[in-house]
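Everything below belongs to coords.csv, which stores CSV, C-alpha atoms and all ligand atoms.
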chain,number,residue,atom,x,y,z
A,1,MET,CA,-171.2,76.5,-41.0
A,2,ALA,CA,-171.1,80.1,-42.3
A,3,GLY,CA,-173.4,82.3,-40.3
A,4,GLY,CA,-173.8,79.7,-37.7
A,5,LYS,CA,-173.7,80.0,-33.9
A,6,LEU,CA,-171.6,78.2,-31.4
A,7,LYS,CA,-172.2,78.0,-27.7
A,8,ILE,CA,-169.0,77.3,-25.8
A,9,VAL,CA,-169.0,76.9,-22.0
A,10,VAL,CA,-165.9,77.7,-20.0
A,11,PHE,CA,-165.3,75.5,-16.9
A,12,GLY,CA,-162.6,75.6,-14.3
A,13,ALA,CA,-161.8,76.0,-10.6
A,14,TYR,CA,-162.1,79.3,-8.9
A,15,ASN,CA,-159.1,81.5,-9.9
A,16,ALA,CA,-158.3,79.5,-13.0
A,17,GLY,CA,-158.8,82.5,-15.2
A,18,LYS,CA,-162.2,82.0,-16.7
A,19,SER,CA,-163.3,85.7,-16.3
A,20,THR,CA,-159.9,86.9,-17.6
A,21,PHE,CA,-160.1,84.6,-20.6
A,22,ILE,CA,-163.6,85.7,-21.6
A,23,GLN,CA,-162.7,89.4,-21.0
A,24,ALA,CA,-159.6,89.0,-23.2
A,25,ILE,CA,-161.5,87.4,-26.0
A,26,ASP,CA,-164.3,90.0,-25.8
A,27,PRO,CA,-163.5,93.3,-24.2
A,28,LYS,CA,-167.2,94.0,-24.0
A,29,ALA,CA,-167.9,90.8,-22.1
A,30,ARG,CA,-170.3,90.9,-19.2
A,31,HIS,CA,-169.3,89.8,-15.7
A,32,VAL,CA,-172.2,89.3,-13.3
A,33,GLU,CA,-171.8,88.5,-9.6
A,34,ALA,CA,-174.6,87.4,-7.4
A,35,HIS,CA,-174.2,87.5,-3.7
A,36,THR,CA,-175.5,84.6,-1.6
A,37,ASN,CA,-176.7,84.6,1.9
A,38,GLU,CA,-173.7,82.6,3.1
A,39,GLY,CA,-171.5,85.5,3.9
A,40,ASP,CA,-169.2,86.8,1.3
A,41,THR,CA,-169.7,84.0,-1.3
A,42,THR,CA,-170.4,85.2,-4.8
A,43,VAL,CA,-171.5,83.3,-7.8
A,44,ALA,CA,-169.8,84.8,-10.8
A,45,LEU,CA,-171.0,84.4,-14.4
A,46,ASP,CA,-169.4,85.7,-17.6
A,47,TYR,CA,-170.7,86.2,-21.0
A,48,GLY,CA,-168.8,87.2,-24.1
A,49,ARG,CA,-169.1,87.0,-27.9
A,50,VAL,CA,-166.6,86.8,-30.8
A,51,GLU,CA,-166.8,86.0,-34.5
A,52,ILE,CA,-164.4,83.3,-35.6
A,53,HIS,CA,-164.4,81.6,-39.1
A,54,ALA,CA,-167.7,83.4,-39.8
A,55,LEU,CA,-169.3,81.8,-36.8
A,56,GLN,CA,-170.8,83.7,-33.9
A,57,VAL,CA,-169.2,82.2,-30.9
A,58,TYR,CA,-170.9,82.7,-27.5
A,59,LEU,CA,-168.8,82.1,-24.5
A,60,PHE,CA,-170.3,81.4,-21.1
A,61,GLY,CA,-168.2,81.3,-17.9
A,62,THR,CA,-169.4,79.0,-15.1
A,63,PRO,CA,-169.0,79.5,-11.3
A,64,GLY,CA,-165.9,77.7,-10.0
A,65,GLN,CA,-167.2,76.7,-6.6
A,66,GLU,CA,-167.9,73.0,-6.3
A,67,ARG,CA,-171.3,73.3,-4.8
A,68,PHE,CA,-172.7,75.4,-7.7
A,69,GLU,CA,-173.1,72.3,-9.8
A,70,PHE,CA,-176.7,73.1,-10.5
A,71,VAL,CA,-175.7,76.5,-12.0
A,72,ARG,CA,-173.1,74.8,-14.2
A,73,GLN,CA,-175.8,72.4,-15.4
A,74,ILE,CA,-178.2,75.2,-16.3
A,75,ILE,CA,-175.5,77.1,-18.2
A,76,SER,CA,-174.4,74.0,-20.0
A,77,ARG,CA,-177.7,73.3,-21.6
A,78,GLY,CA,-177.3,73.3,-25.4
A,79,MET,CA,-173.6,73.8,-25.4
A,80,ASP,CA,-171.8,72.8,-28.6
A,81,ALA,CA,-168.3,72.6,-27.0
A,82,ALA,CA,-166.5,73.0,-23.7
A,83,ILE,CA,-163.3,74.6,-22.5
A,84,LEU,CA,-161.7,73.6,-19.2
A,85,LEU,CA,-159.3,76.2,-17.9
A,86,VAL,CA,-156.5,74.9,-15.7
A,87,ASP,CA,-154.1,77.1,-13.7
A,88,CYS,CA,-150.8,75.5,-14.5
A,89,SER,CA,-148.9,77.6,-12.0
A,90,VAL,CA,-150.2,75.4,-9.2
A,91,ALA,CA,-150.8,71.7,-8.7
A,92,THR,CA,-154.0,70.6,-10.3
A,93,ASP,CA,-156.7,70.2,-7.7
A,94,GLU,CA,-159.3,67.4,-7.3
A,95,PHE,CA,-162.1,69.6,-8.4
A,96,THR,CA,-160.5,70.4,-11.8
A,97,LEU,CA,-159.8,66.7,-12.3
A,98,SER,CA,-163.5,65.8,-11.5
A,99,LEU,CA,-164.6,68.5,-14.0
A,100,TYR,CA,-162.3,66.9,-16.5
A,101,GLU,CA,-163.8,63.5,-15.9
A,102,THR,CA,-167.4,64.7,-16.2
A,103,LEU,CA,-166.7,66.7,-19.4
A,104,SER,CA,-164.7,63.9,-21.0
A,105,LYS,CA,-167.7,61.6,-20.6
A,106,MET,CA,-170.0,64.0,-22.4
A,107,GLU,CA,-170.4,63.7,-26.1
A,108,ILE,CA,-169.2,67.2,-26.9
A,109,PRO,CA,-165.8,68.5,-28.1
A,110,LEU,CA,-163.5,69.5,-25.2
A,111,ALA,CA,-160.4,71.7,-25.1
A,112,VAL,CA,-158.2,71.9,-22.1
A,113,MET,CA,-156.5,75.3,-21.8
A,114,LEU,CA,-153.5,75.4,-19.5
A,115,ASN,CA,-153.5,79.0,-18.2
A,116,LYS,CA,-151.0,81.3,-16.6
A,117,CYS,CA,-148.1,80.0,-18.7
A,118,ASP,CA,-146.5,83.4,-18.3
A,119,LEU,CA,-145.9,82.9,-14.6
A,120,PRO,CA,-142.3,81.8,-13.7
A,121,GLY,CA,-143.6,78.9,-11.5
A,122,SER,CA,-145.9,77.5,-14.2
A,123,CYS,CA,-145.3,74.0,-15.4
A,124,PRO,CA,-147.5,73.2,-18.4
A,125,ALA,CA,-145.5,70.1,-19.3
A,126,THR,CA,-146.2,68.4,-16.0
A,127,VAL,CA,-149.8,69.5,-15.7
A,128,ARG,CA,-150.5,68.4,-19.2
A,129,SER,CA,-150.0,64.7,-18.5
A,130,ALA,CA,-153.4,64.6,-16.6
A,131,PHE,CA,-155.2,65.7,-19.8
A,132,GLU,CA,-153.4,63.7,-22.4
A,133,SER,CA,-156.5,62.3,-24.1
A,134,SER,CA,-157.8,65.8,-25.0
A,135,LEU,CA,-156.9,68.7,-27.1
A,136,VAL,CA,-154.5,70.8,-24.9
A,137,TYR,CA,-153.5,74.5,-25.5
A,138,GLU,CA,-151.1,76.5,-23.5
A,139,ILE,CA,-152.3,80.0,-23.0
A,140,CYS,CA,-152.0,83.2,-21.1
A,141,ALA,CA,-155.6,84.4,-20.6
A,142,SER,CA,-154.6,87.9,-19.6
A,143,GLU,CA,-153.2,88.5,-23.1
A,144,ARG,CA,-155.6,88.5,-26.0
A,145,ALA,CA,-152.8,87.6,-28.4
A,146,LEU,CA,-152.1,84.4,-26.5
A,147,ALA,CA,-155.7,83.5,-25.8
A,148,LEU,CA,-157.5,84.2,-29.1
A,149,PRO,CA,-155.3,81.9,-31.2
A,150,ALA,CA,-156.1,79.0,-29.0
A,151,LEU,CA,-159.8,79.6,-29.2
A,152,THR,CA,-159.6,80.1,-33.0
A,153,ALA,CA,-157.7,76.8,-33.3
A,154,PHE,CA,-160.3,75.0,-31.2
A,155,VAL,CA,-163.2,76.4,-33.2
A,156,GLY,CA,-161.4,75.3,-36.3
A,157,THR,CA,-161.3,71.7,-35.1
A,158,LEU,CA,-165.1,71.9,-34.5
A,159,ALA,CA,-165.9,72.5,-38.2
A,160,GLY,CA,-165.9,68.8,-39.0
A,161,GLU,CA,-167.7,67.7,-35.8
A,162,LEU,CA,-170.8,69.9,-35.8
B,1,LIG,N1,-150.2,85.9,-14.6
B,1,LIG,C1,-151.4,85.6,-15.0
B,1,LIG,N2,-152.5,85.8,-14.2
B,1,LIG,C2,-153.7,85.5,-14.7
B,1,LIG,C3,-153.9,84.9,-15.9
B,1,LIG,N3,-155.2,84.6,-16.1
B,1,LIG,C4,-155.8,85.1,-15.0
B,1,LIG,N4,-154.9,85.6,-14.1
B,1,LIG,C5,-155.1,86.1,-12.8
B,1,LIG,O1,-155.7,85.1,-11.9
B,1,LIG,C6,-156.7,85.6,-11.1
B,1,LIG,C7,-158.0,84.9,-11.3
B,1,LIG,O2,-158.5,85.1,-12.6
B,1,LIG,P1,-160.1,85.1,-12.8
B,1,LIG,O3,-160.2,85.4,-14.3
B,1,LIG,O4,-160.8,86.0,-11.9
B,1,LIG,O5,-160.4,83.6,-12.5
B,1,LIG,P2,-161.8,82.9,-12.4
B,1,LIG,O6,-162.2,82.7,-11.0
B,1,LIG,O7,-161.6,81.5,-13.1
B,1,LIG,O8,-162.8,83.7,-13.2
B,1,LIG,C8,-156.8,87.1,-11.4
B,1,LIG,O9,-156.0,87.8,-10.5
B,1,LIG,C9,-156.2,87.2,-12.8
B,1,LIG,O10,-155.6,88.5,-13.0
B,1,LIG,C10,-152.7,84.6,-16.8
B,1,LIG,O11,-152.8,84.1,-17.9
B,1,LIG,N5,-151.5,85.0,-16.2
B,2,MG,MG,-164.6,84.6,-12.6

For the file at hand, write its structure as structure tokens.
Amino acid sequence: MAGGKLKIVVFGAYNAGKSTFIQAIDPKARHVEAHTNEGDTTVALDYGRVEIHALQVYLFGTPGQERFEFVRQIISRGMDAAILLVDCSVATDEFTLSLYETLSKMEIPLAVMLNKCDLPGSCPATVRSAFESSLVYEICASERALALPALTAFVGTLAGEL
């Protein structure tokens, strides 16, 4: 896989920490916001890059709002793997669970990253039970030192699958 490329798409509800995660991994990451005609709604996209195990890893953040499914589909084209970010300081919402169901059915490697583990109210042990059939990492997206090792470990598991 040396010199290869990997497209990883980051999913998750609004506020899960997608932008924070991509920014922590790549301080030069791009954050793009498009304003819609529906008032103050914005569609946010993120793009970052990092080299792991001699692979160029391209990270794409998707919009968290439910109705932007078509945007998620466009960004997902050609993805090699997916990450589902889950805020484990709050109860897991239906939308996150439906994203999980959709991603689980796809034939691509999936990692669930339980985020905001630094918050006193976070409860990764409880939240984790909903995602038991997947690779689960506990992270704090706002700290590179706690986000990058999880991504590195996930990319390491992909070596045999790609
Ligand atoms: N305490 C804490 N706050 C976080 C963490 N990750 C993200 N946040 C905060 O959660 C909020 C939403 O993060 P953001 O990256 O914008 O979420 P997105 O909507 O999924 O892109 C922001 O205020 C972040 O600063 C984390 O690991 N710990
Ligand atoms: Mg965002």

Margin query: Which residues are near ligand LIG 1 (chain B) - at most 7 Å, using all atoms listed in the file? Format: as a ChimeraX atom specification.
Written below: /A:12-21,64,115-119,139-143

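If you measure from each of A:Met113, A:Ala34, A:Val43, A:Ile25 to ligand MG 2 (chain B) using all atoms listed in the file, the closest one turns out to be A:Val43.
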
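With distances restricted to all atoms listed in the file, A:Leu45 is the closest residue to Val71 in chain A from A:Pro27, A:Leu45, A:Ala54, A:Asp40.
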
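Across the model, the gap from CA of Leu110 in chain A to CA of Leu84 in chain A is 7.5 Å.
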
Item checked: Selected residue, from A:Val112, A:Leu99, A:Val90, A:Ala82, that lies nearest to Phe60 in chain A when counting all atoms listed in the file -> A:Ala82

Next item on the list: One decimal, Å: what's the distance from CA of Val9 in chain A over to CA of Leu146 in chain A, could you say?
Entry: 19.0 Å

Incomplete range 9-25 of chain A filled out to N, CA, C and O atoms as a compact mmCIF listing (two decimals), keeping the file's coordinate frame:
# COMPACT_ATOMS: atom_id res chain seq x y z
N VAL A 9 -168.99 76.69 -23.45
CA VAL A 9 -169.00 76.90 -22.00
C VAL A 9 -167.65 76.74 -21.41
O VAL A 9 -166.96 75.76 -21.72
N VAL A 10 -167.24 77.71 -20.60
CA VAL A 10 -165.90 77.70 -20.00
C VAL A 10 -165.99 77.23 -18.53
O VAL A 10 -166.69 77.85 -17.73
N PHE A 11 -165.32 76.12 -18.25
CA PHE A 11 -165.30 75.50 -16.90
C PHE A 11 -163.93 75.74 -16.29
O PHE A 11 -162.95 75.98 -16.98
N GLY A 12 -163.86 75.55 -14.98
CA GLY A 12 -162.60 75.60 -14.30
C GLY A 12 -162.77 76.01 -12.86
O GLY A 12 -163.81 76.55 -12.49
N ALA A 13 -161.77 75.70 -12.06
CA ALA A 13 -161.80 76.00 -10.60
C ALA A 13 -161.82 77.53 -10.42
O ALA A 13 -161.48 78.29 -11.34
N TYR A 14 -162.19 77.92 -9.25
CA TYR A 14 -162.10 79.30 -8.90
C TYR A 14 -160.66 79.77 -9.06
O TYR A 14 -159.73 79.04 -8.72
N ASN A 15 -160.47 80.93 -9.67
CA ASN A 15 -159.10 81.50 -9.90
C ASN A 15 -158.37 80.93 -11.08
O ASN A 15 -157.21 81.29 -11.31
N ALA A 16 -159.00 80.05 -11.83
CA ALA A 16 -158.30 79.50 -13.00
C ALA A 16 -158.06 80.48 -14.09
O ALA A 16 -157.15 80.34 -14.89
N GLY A 17 -158.92 81.51 -14.13
CA GLY A 17 -158.80 82.50 -15.20
C GLY A 17 -159.93 82.61 -16.14
O GLY A 17 -159.80 83.19 -17.23
N LYS A 18 -161.08 82.07 -15.75
CA LYS A 18 -162.20 82.00 -16.70
C LYS A 18 -162.70 83.44 -17.05
O LYS A 18 -162.91 83.72 -18.23
N SER A 19 -162.86 84.30 -16.05
CA SER A 19 -163.30 85.70 -16.30
C SER A 19 -162.28 86.41 -17.17
O SER A 19 -162.63 87.12 -18.12
N THR A 20 -161.02 86.23 -16.83
CA THR A 20 -159.90 86.90 -17.60
C THR A 20 -159.93 86.46 -19.02
O THR A 20 -159.78 87.28 -19.93
N PHE A 21 -160.12 85.17 -19.25
CA PHE A 21 -160.10 84.60 -20.60
C PHE A 21 -161.26 85.23 -21.43
O PHE A 21 -161.04 85.73 -22.54
N ILE A 22 -162.47 85.22 -20.88
CA ILE A 22 -163.60 85.70 -21.60
C ILE A 22 -163.49 87.22 -21.88
O ILE A 22 -163.79 87.72 -22.96
N GLN A 23 -162.97 87.92 -20.90
CA GLN A 23 -162.70 89.40 -21.00
C GLN A 23 -161.69 89.67 -22.11
O GLN A 23 -161.81 90.64 -22.85
N ALA A 24 -160.66 88.82 -22.18
CA ALA A 24 -159.60 89.00 -23.20
C ALA A 24 -160.13 88.79 -24.59
O ALA A 24 -159.82 89.53 -25.52
N ILE A 25 -160.97 87.77 -24.71
CA ILE A 25 -161.50 87.40 -26.00
C ILE A 25 -162.52 88.53 -26.47
O ILE A 25 -162.52 88.94 -27.62
